[in-house]
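Peer 1: Quick one: this structure, given as structure tokens, is what I'll be asking you about.
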Number of protein chains: 2
Amino acid sequence: MPKYQDELDAVLRALADPTRRAVVERLAKSPAVVSELAAPFSMALPSLMQHLRVLENAGLVTSQKQGRVRTVSLRPGALDVLHLWLGEQRTPAERQADRLGIHVIRTDRKEH
Amino acid sequence: MPKYQDELDAVLRALADPTRRAVVERLAKSPAVVSELAAPFSMALPSLMQHLRVLENAGLVTSQKQGRVRTVSLRPGALDVLHLWLGEQRTPAERQADRLGIHVIRTDRKEH
């Protein structure tokens, strides 16, 4: 299944960058115009546009231009390929450990 | 939560490489000795060891040496941080689309 592996590769490479991950996190809440996406980052607009291109090429986001305003959205099902891959890696023993692991992380996050 | 973000960063960078991902896929089935892990790749052993170090630093694998034989295992709960992050990105609308998306990918894979 080369298509699945290529898609997974592109998605993981895109998400391995913290700025691109932050953009995905923002877009998971709602679509946003480019200037809104740029606001939290002290980053020149061309650099942000470059990150958006990587996300778009990985199939994670889509964008639409209306007049001068470009609105970026998370593509529905964008992360399916990663969900699927993760599901394939789970062993029965790990399913049990996962539950504890996730709980520990969540508790830790609430304390900060 | 800098610890969570650092962990996520290391895991995604480690998994963005197809060889390292193949090693994780193999180890999800069972632990393996280094020579077994090297077998499917036409790769010098030092290169494989380098990949294993990246996986170990990301907390994805652990290894134990008995005599001359090093056995590598997937760390239980290794992928929890990624499960957690993915869960946080899901919107109600996406949950619905996910179900269809995952089904489409699975059908596609069966046909090949």
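Quick note on naming: the chains in the structure tokens go A, B, ... in the order shown, residues restart at 1 in each chain, and ligands are numbered from 1 in order of appearance.
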Taking the backbone alone, and naming residues the way the document does, which bits of range 23-92 of chain A are helix (DSSP H, G or I) by DSSP, as a ChimeraX atom specification?
Peer 2: /A:23-29,34-38,45-57,80-89,92
Peer 1: Quick one: residues within 8 Å of range 87-91 of chain B, only C-alpha atoms counted, chain neighbours fewer than 4 positions away excluded, as an MDAnalysis selection string?
Peer 2: (chainID A and resid 24:25 28:29) or (chainID B and resid 83 95)
Peer 1: Grab the residues selected above and save them as an mmCIF file, in the first residue's frame with N, CA and C atoms.
Peer 2:
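Result went into result17.cif, see below:
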```cif
data_model
loop_
_atom_site.group_PDB
_atom_site.id
_atom_site.type_symbol
_atom_site.label_atom_id
_atom_site.label_comp_id
_atom_site.auth_asym_id
_atom_site.auth_seq_id
_atom_site.Cartn_x
_atom_site.Cartn_y
_atom_site.Cartn_z
ATOM 1 N N VAL A 24 -2.438 23.352 13.306
ATOM 2 C CA VAL A 24 -3.458 22.291 13.270
ATOM 3 C C VAL A 24 -4.340 22.370 14.519
ATOM 4 N N GLU A 25 -3.714 22.589 15.688
ATOM 5 C CA GLU A 25 -4.468 22.691 16.951
ATOM 6 C C GLU A 25 -5.461 23.854 16.881
ATOM 7 N N ALA A 28 -8.342 23.000 14.493
ATOM 8 C CA ALA A 28 -9.260 21.965 15.000
ATOM 9 C C ALA A 28 -10.451 22.621 15.698
ATOM 10 N N LYS A 29 -10.249 23.851 16.192
ATOM 11 C CA LYS A 29 -11.345 24.576 16.859
ATOM 12 C C LYS A 29 -12.297 25.168 15.829
ATOM 13 N N HIS B 83 -1.677 9.432 20.832
ATOM 14 C CA HIS B 83 -3.113 9.169 20.982
ATOM 15 C C HIS B 83 -3.800 10.368 21.626
ATOM 16 N N ARG B 95 -15.411 13.700 14.101
ATOM 17 C CA ARG B 95 -15.641 12.330 14.578
ATOM 18 C C ARG B 95 -16.487 11.563 13.577
#
```
Peer 1: Between CA of Leu27 in chain B and CA of Arg75 in chain B, what distance in Å does the model show, to one decimal?
Peer 2: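 Between these atoms lies a distance of 9.3 Å.
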Peer 1: What does the distance from CA of Arg13 in chain A to CA of Met49 in chain B come to in Å, to one decimal?
Peer 2: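 Distance between the two atoms: 21.5 Å.
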Peer 1: With only C-alpha atoms as the basis for distance, which of B:Ser35, B:Thr62, B:Asn57, B:Ser30 is at the shortest distance from chain A?
Peer 2: B:Ser30
Peer 1: List the spatial neighbours of range 14-19 of chain B as an NGL selection string - criterion: any atom at most 7 Å away, only C-alpha atoms, same-chain residues fewer than 6 positions off excluded.
Peer 2: (:A and (9 or 12-13)) or (:B and (54-55 or 58))
Peer 1: Could the residues in this selection be written to a file with all heavy atoms, as a CSV table (one decimal), in the first residue's frame?
Peer 2:
```csv
chain,number,residue,atom,x,y,z
A,9,ASP,N,3.6,9.3,5.7
A,9,ASP,CA,4.9,10.0,5.7
A,9,ASP,C,4.7,11.5,5.7
A,9,ASP,O,5.3,12.2,6.5
A,9,ASP,CB,5.7,9.6,4.5
A,9,ASP,CG,7.1,9.2,4.8
A,9,ASP,OD1,7.3,8.3,5.6
A,9,ASP,OD2,8.0,9.7,4.1
A,12,LEU,N,3.2,12.8,9.0
A,12,LEU,CA,4.1,12.8,10.2
A,12,LEU,C,5.2,13.9,10.0
A,12,LEU,O,5.5,14.5,11.0
A,12,LEU,CB,4.7,11.4,10.4
A,12,LEU,CG,3.8,10.4,11.0
A,12,LEU,CD1,4.3,9.0,10.8
A,12,LEU,CD2,3.5,10.7,12.5
A,13,ARG,N,5.7,14.0,8.8
A,13,ARG,CA,6.7,15.1,8.6
A,13,ARG,C,6.1,16.5,8.9
A,13,ARG,O,6.7,17.3,9.4
A,13,ARG,CB,7.2,15.0,7.1
A,13,ARG,CG,8.3,14.0,6.9
A,13,ARG,CD,8.6,13.8,5.4
A,13,ARG,NE,8.9,12.5,5.1
A,13,ARG,CZ,10.2,12.0,5.0
A,13,ARG,NH1,11.2,12.9,5.1
A,13,ARG,NH2,10.5,10.8,4.7
B,54,VAL,N,17.5,7.0,18.1
B,54,VAL,CA,16.5,8.0,18.0
B,54,VAL,C,15.2,7.5,18.6
B,54,VAL,O,14.5,8.3,19.4
B,54,VAL,CB,16.3,8.5,16.5
B,54,VAL,CG1,15.1,9.4,16.4
B,54,VAL,CG2,17.6,9.1,16.0
B,55,LEU,N,14.8,6.3,18.3
B,55,LEU,CA,13.6,5.7,18.9
B,55,LEU,C,13.7,5.6,20.4
B,55,LEU,O,12.7,5.9,21.1
B,55,LEU,CB,13.4,4.3,18.3
B,55,LEU,CG,12.9,4.3,16.8
B,55,LEU,CD1,13.0,2.9,16.3
B,55,LEU,CD2,11.5,4.9,16.7
B,58,ALA,N,13.4,9.0,22.1
B,58,ALA,CA,12.0,9.5,22.0
B,58,ALA,C,11.1,8.7,22.9
B,58,ALA,O,9.9,9.0,23.0
B,58,ALA,CB,11.5,9.4,20.6
```
Peer 1: Using only C-alpha atoms, which residues sit within 12 Å of Glu36 in chain A once same-chain residues fewer than 4 positions away are excluded, as a PyMOL selection string?
Peer 2: chain A and resi 23+26-27+30-32+40-41+45+48+69-72
Peer 1: Name all residues at most 9 Å from range 6-8 of chain A (count only C-alpha atoms; drop same-chain ones fewer than 2 positions away) and give them as a list in words.
Peer 2: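 The residues that qualify are Met1, Pro2, Lys3, Tyr4, Ala10, Val11, Leu12, Arg13, Ala58, Gly59, Val81, Leu82 and Trp85 of chain A; Ala16 of chain B.
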Peer 1: What's the separation between CA of Gly67 in chain B and CA of Ala44 in chain B, in Å to one decimal place?
Peer 2: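 We find that CA of Gly67 in chain B and CA of Ala44 in chain B lie 21.9 Å from each other.
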Peer 1: Among the residues of range 16-91 of chain A, find those DSSP assigns to strand (DSSP E or B) from the backbone and print them as number ranges by chain.
Peer 2: A: 32-33, 61-66, 69-74
